>>> print(open('target28.pdb').read())   # PDB, C-alpha atoms
ATOM      1  CA  MET A   1      15.566  36.874  26.138
ATOM      2  CA  TYR A   2      17.369  39.664  24.284
ATOM      3  CA  LEU A   3      16.341  40.158  20.681
ATOM      4  CA  TRP A   4      18.492  42.764  18.921
ATOM      5  CA  ALA A   5      15.981  42.971  16.084
ATOM      6  CA  VAL A   6      13.197  44.066  18.445
ATOM      7  CA  GLN A   7      15.558  46.474  20.215
ATOM      8  CA  SER A   8      16.434  48.009  16.845
ATOM      9  CA  VAL A   9      12.902  49.379  16.368
ATOM     10  CA  PRO A  10      13.409  52.294  18.839
ATOM     11  CA  ILE A  11      16.761  52.955  17.152
ATOM     12  CA  ALA A  12      15.006  53.122  13.781
ATOM     13  CA  ILE A  13      12.512  55.575  15.291
ATOM     14  CA  ALA A  14      15.378  57.733  16.609
ATOM     15  CA  ILE A  15      17.046  57.697  13.180
ATOM     16  CA  ALA A  16      13.743  58.744  11.588
ATOM     17  CA  TYR A  17      13.280  61.683  13.963
ATOM     18  CA  ALA A  18      16.895  62.921  14.119
ATOM     19  CA  PRO A  19      16.580  64.902  10.848
ATOM     20  CA  ALA A  20      13.425  66.588  12.182
ATOM     21  CA  PHE A  21      15.309  67.756  15.268
ATOM     22  CA  LEU A  22      18.075  69.079  13.005
ATOM     23  CA  ARG A  23      15.490  71.023  10.972
ATOM     24  CA  ILE A  24      13.916  72.439  14.141
ATOM     25  CA  GLY A  25      17.342  73.524  15.387
ATOM     26  CA  ILE A  26      18.089  75.292  12.099
ATOM     27  CA  GLN A  27      14.671  76.969  12.134
ATOM     28  CA  ALA A  28      15.244  78.154  15.709
ATOM     29  CA  ALA A  29      18.713  79.467  14.836
ATOM     30  CA  ASN A  30      17.243  81.379  11.875
ATOM     31  CA  LYS A  31      14.376  82.650  14.053
ATOM     32  CA  VAL A  32      11.703  81.185  11.747
ATOM     33  CA  LEU A  33      10.421  78.505  14.132
ATOM     34  CA  ASP A  34       6.747  79.063  14.918
ATOM     35  CA  THR A  35       5.673  76.861  17.823
ATOM     36  CA  ARG A  36       2.070  78.072  17.565
ATOM     37  CA  GLU A  37       1.692  76.857  13.975
ATOM     38  CA  PRO A  38       4.747  74.686  13.257
ATOM     39  CA  ARG A  39       3.449  73.369   9.923
ATOM     40  CA  LYS A  40       3.219  76.899   8.575
ATOM     41  CA  ALA A  41       6.733  77.860   9.691
ATOM     42  CA  GLU A  42       9.182  78.616   6.917
ATOM     43  CA  ILE A  43      11.736  75.893   6.271
ATOM     44  CA  PRO A  44      15.023  77.445   5.143
ATOM     45  CA  GLU A  45      16.476  76.089   1.900
ATOM     46  CA  GLY A  46      19.485  73.802   1.996
ATOM     47  CA  ILE A  47      20.212  71.512   4.901
ATOM     48  CA  ALA A  48      16.947  72.293   6.728
ATOM     49  CA  SER A  49      14.714  71.447   3.767
ATOM     50  CA  ARG A  50      16.707  68.285   3.010
ATOM     51  CA  ALA A  51      16.512  67.258   6.685
ATOM     52  CA  ASP A  52      12.737  67.745   6.581
ATOM     53  CA  ALA A  53      12.436  65.627   3.425
ATOM     54  CA  CYS A  54      14.738  62.981   4.932
ATOM     55  CA  HIS A  55      12.581  62.807   8.066
ATOM     56  CA  LYS A  56       9.420  62.312   5.996
ATOM     57  CA  ASN A  57      11.165  59.695   3.868
ATOM     58  CA  HIS A  58      12.227  57.715   6.932
ATOM     59  CA  LEU A  59       8.705  57.830   8.372
ATOM     60  CA  GLU A  60       7.385  56.178   5.196
ATOM     61  CA  LEU A  61       9.376  52.977   5.846
ATOM     62  CA  LEU A  62       9.104  52.861   9.630
ATOM     63  CA  PRO A  63       5.787  50.933   9.858
ATOM     64  CA  LEU A  64       6.990  48.397   7.290
ATOM     65  CA  TYR A  65      10.230  47.944   9.237
ATOM     66  CA  ALA A  66       8.585  47.477  12.631
ATOM     67  CA  GLY A  67       5.893  45.223  11.171
ATOM     68  CA  GLY A  68       8.490  43.053   9.473
ATOM     69  CA  ILE A  69      10.436  42.643  12.705
ATOM     70  CA  LEU A  70       7.360  41.680  14.696
ATOM     71  CA  ALA A  71       6.120  39.312  11.980
ATOM     72  CA  CYS A  72       9.473  37.508  11.894
ATOM     73  CA  VAL A  73       9.633  37.181  15.673
ATOM     74  CA  GLN A  74       6.087  35.818  15.814
ATOM     75  CA  ALA A  75       6.651  33.423  12.886
ATOM     76  CA  GLY A  76       9.841  32.039  14.427
ATOM     77  CA  VAL A  77      12.246  33.113  11.692
ATOM     78  CA  ASP A  78      15.913  32.480  12.587
ATOM     79  CA  GLU A  79      16.906  35.154  15.130
ATOM     80  CA  GLN A  80      20.406  35.614  13.718
ATOM     81  CA  LEU A  81      19.052  36.230  10.222
ATOM     82  CA  VAL A  82      16.500  38.747  11.481
ATOM     83  CA  SER A  83      19.199  40.467  13.562
ATOM     84  CA  ARG A  84      21.555  40.704  10.583
ATOM     85  CA  LEU A  85      18.774  42.216   8.475
ATOM     86  CA  ALA A  86      17.982  44.662  11.294
ATOM     87  CA  THR A  87      21.627  45.719  11.514
ATOM     88  CA  THR A  88      21.795  46.186   7.753
ATOM     89  CA  TYR A  89      18.625  48.285   7.810
ATOM     90  CA  ILE A  90      19.848  50.495  10.684
ATOM     91  CA  ALA A  91      23.214  51.040   8.992
ATOM     92  CA  GLY A  92      21.566  51.674   5.633
ATOM     93  CA  ARG A  93      19.110  54.230   7.003
ATOM     94  CA  SER A  94      21.905  56.008   8.890
ATOM     95  CA  ILE A  95      23.955  56.237   5.700
ATOM     96  CA  HIS A  96      20.851  57.309   3.771
ATOM     97  CA  ALA A  97      20.222  60.159   6.224
ATOM     98  CA  ALA A  98      23.799  61.406   5.971
ATOM     99  CA  LEU A  99      23.705  61.206   2.178
ATOM    100  CA  TYR A 100      20.308  62.866   1.963
ATOM    101  CA  ILE A 101      21.065  65.753   4.290
ATOM    102  CA  GLN A 102      24.569  66.730   3.262
ATOM    103  CA  ILE A 103      27.148  64.282   1.932
ATOM    104  CA  GLU A 104      25.691  63.574  -1.500
ATOM    105  CA  GLU A 105      25.876  67.253  -2.385
ATOM    106  CA  PHE A 106      29.664  67.000  -2.089
ATOM    107  CA  LEU A 107      29.868  63.613  -3.842
ATOM    108  CA  GLY A 108      28.096  64.937  -6.908
ATOM    109  CA  THR A 109      26.358  61.629  -7.665
ATOM    110  CA  GLY A 110      23.073  63.277  -8.571
ATOM    111  CA  GLY A 111      21.075  61.268  -6.056
ATOM    112  CA  THR A 112      22.288  57.822  -7.135
ATOM    113  CA  ALA A 113      23.947  56.882  -3.834
ATOM    114  CA  ARG A 114      20.927  58.075  -1.886
ATOM    115  CA  THR A 115      18.590  56.085  -4.142
ATOM    116  CA  VAL A 116      20.619  52.910  -3.678
ATOM    117  CA  THR A 117      20.445  53.211   0.122
ATOM    118  CA  PHE A 118      16.719  53.987  -0.100
ATOM    119  CA  LEU A 119      16.100  50.862  -2.184
ATOM    120  CA  LEU A 120      18.099  48.820   0.320
ATOM    121  CA  GLY A 121      15.879  50.253   3.034
ATOM    122  CA  CYS A 122      12.781  49.174   1.083
ATOM    123  CA  MET A 123      14.016  45.696   0.235
ATOM    124  CA  ILE A 124      15.030  44.615   3.742
ATOM    125  CA  PRO A 125      11.608  45.059   5.424
ATOM    126  CA  THR A 126       9.928  43.489   2.408
ATOM    127  CA  LEU A 127      12.286  40.506   2.596
ATOM    128  CA  ARG A 128      11.576  40.190   6.300
ATOM    129  CA  LEU A 129       7.819  40.056   5.692
ATOM    130  CA  TRP A 130       8.362  37.437   2.984
ATOM    131  CA  LEU A 131      10.472  35.341   5.372
ATOM    132  CA  ALA A 132       7.803  35.611   8.058
ATOM    133  CA  ALA A 133       5.103  34.508   5.621
ATOM    134  CA  ALA A 134       7.233  31.565   4.486
ATOM    135  CA  ALA A 135       7.918  30.513   8.085
ATOM    136  CA  ALA A 136       4.268  30.842   9.081
ATOM    137  CA  SER A 137       3.096  28.695   6.167
ATOM    138  CA  ARG A 138       5.201  25.685   7.258
TER     139      ARG A 138
END
>>> encode(input="target28.pdb", output="structure tokens")
Amino acid sequence: MYLWAVQSVPIAIAIAYAPAFLRIGIQAANKVLDTREPRKAEIPEGIASRADACHKNHLELLPLYAGGILACVQAGVDEQLVSRLATTYIAGRSIHAALYIQIEEFLGTGGTARTVTFLLGCMIPTLRLWLAAAAASR
């Protein structure tokens, strides 16, 4: 049985780590990457520091996302609904990463667009957990 929602968890992990790989690439290009003590390595301002912050931001929601998916699958929540929520989350986090790292600087929205996509990213896993709890209580 193929469950897109479950398959989306590794995609969410990849989206969470992509900004970290971008930061590492920028550090290596600027010759400030220290593989002996990576946490002490200088993070250049601009795209690299925003990519680092984006990576940390995505890691904050990852356990909630994966937990919500697994709870819904176990509770028997409608697969199509869970899959639609998973797709919305994946798209929202992808847009959030692009906004966070570079695009919003050009839009000049002062962080509003990024905040909206972040809130969407928070609401979807929370909704999924609520749906799982409702289904389990029946």
>>> closest_residue(input="target28.pdb", among="A:Ile101, A:Ala71, A:Ile24, A:Ala113", to="Ala133 (chain A)", atoms="only C-alpha atoms")
A:Ala71
>>> closest_residue(input="target28.pdb", among="A:Ala41, A:Ile13, A:Leu22, A:Cys54", to="Ala97 (chain A)", atoms="all atoms listed in the file")
A:Cys54
>>> closest_residue(input="target28.pdb", among="A:Asn57, A:Pro19, A:Ala66, A:Cys122", to="Gln102 (chain A)", atoms="all atoms listed in the file")
A:Pro19
>>> closest_residue(input="target28.pdb", among="A:Gly67, A:Pro38, A:Gly92, A:Gly108", to="Gly121 (chain A)", atoms="all atoms listed in the file")
A:Gly92
>>> closest_residue(input="target28.pdb", among="A:Ala134, A:Ile43, A:Leu81, A:Leu119", to="Arg93 (chain A)", atoms="all atoms listed in the file")
A:Leu119
>>> axis_aligned_box(input="target28.pdb", around="region 19-29 of chain A", padding_each_side="8 Å", output="lines of an AutoDock Vina configuration file")
center_x = 16.1
center_y = 72.2
center_z = 13.3
size_x = 21.3
size_y = 30.6
size_z = 20.9
>>> closest_residue(input="target28.pdb", among="A:Gln27, A:Gln7, A:Thr35, A:Thr88", to="Arg128 (chain A)", atoms="only C-alpha atoms")
A:Thr88
>>> atom_distance(input="target28.pdb", atom1="CA of Ala48 (chain A)", atom2="CA of Ile26 (chain A)")
6.3 Å
>>> residues_around(input="target28.pdb", residues="Gly76 (chain A)", least_positions_apart="4", cutoff="10 Å", atoms="all atoms listed in the file", output="list in words")
Leu70, Ala71, Cys72, Val82, Leu131, Ala132, Ala135 and Ala136 of chain A
>>> residues_around(input="target28.pdb", residues="Glu105 (chain A)", least_positions_apart="5", cutoff="12 Å", atoms="all atoms listed in the file", output="VMD selection string")
chain A and resid 46 to 47 50 98 to 100 110 to 114
>>> write_last_selection(input="target28.pdb", atoms="C-alpha atoms", output="CSV table (one decimal), keeping the file's coordinate frame")
chain,number,residue,atom,x,y,z
A,46,GLY,CA,19.5,73.8,2.0
A,47,ILE,CA,20.2,71.5,4.9
A,50,ARG,CA,16.7,68.3,3.0
A,98,ALA,CA,23.8,61.4,6.0
A,99,LEU,CA,23.7,61.2,2.2
A,100,TYR,CA,20.3,62.9,2.0
A,110,GLY,CA,23.1,63.3,-8.6
A,111,GLY,CA,21.1,61.3,-6.1
A,112,THR,CA,22.3,57.8,-7.1
A,113,ALA,CA,23.9,56.9,-3.8
A,114,ARG,CA,20.9,58.1,-1.9
>>> atom_distance(input="target28.pdb", atom1="CA of Ile124 (chain A)", atom2="CA of Tyr89 (chain A)")
6.6 Å
>>> atom_distance(input="target28.pdb", atom1="CA of Arg138 (chain A)", atom2="CA of Ala5 (chain A)")
22.2 Å
>>> residues_near_point(input="target28.pdb", point="(20.9, 47.6, 15.0)", cutoff="9 Å", atoms="only C-alpha atoms", output="short mmCIF file (atom, residue, chain, number, x, y, z; two decimals) with C-alpha atoms, keeping the file's coordinate frame")
data_model
loop_
_atom_site.label_atom_id
_atom_site.label_comp_id
_atom_site.auth_asym_id
_atom_site.auth_seq_id
_atom_site.Cartn_x
_atom_site.Cartn_y
_atom_site.Cartn_z
CA TRP A 4 18.49 42.76 18.92
CA ALA A 5 15.98 42.97 16.08
CA GLN A 7 15.56 46.47 20.22
CA SER A 8 16.43 48.01 16.84
CA VAL A 9 12.90 49.38 16.37
CA ILE A 11 16.76 52.96 17.15
CA ALA A 12 15.01 53.12 13.78
CA SER A 83 19.20 40.47 13.56
CA ARG A 84 21.56 40.70 10.58
CA LEU A 85 18.77 42.22 8.48
CA ALA A 86 17.98 44.66 11.29
CA THR A 87 21.63 45.72 11.51
CA THR A 88 21.80 46.19 7.75
CA TYR A 89 18.62 48.28 7.81
CA ILE A 90 19.85 50.50 10.68
CA ALA A 91 23.21 51.04 8.99
#
>>> residues_around(input="target28.pdb", residues="His55 (chain A)", least_positions_apart="6", cutoff="7 Å", atoms="all atoms listed in the file", output="VMD selection string")
chain A and resid 16 to 17 19 to 20
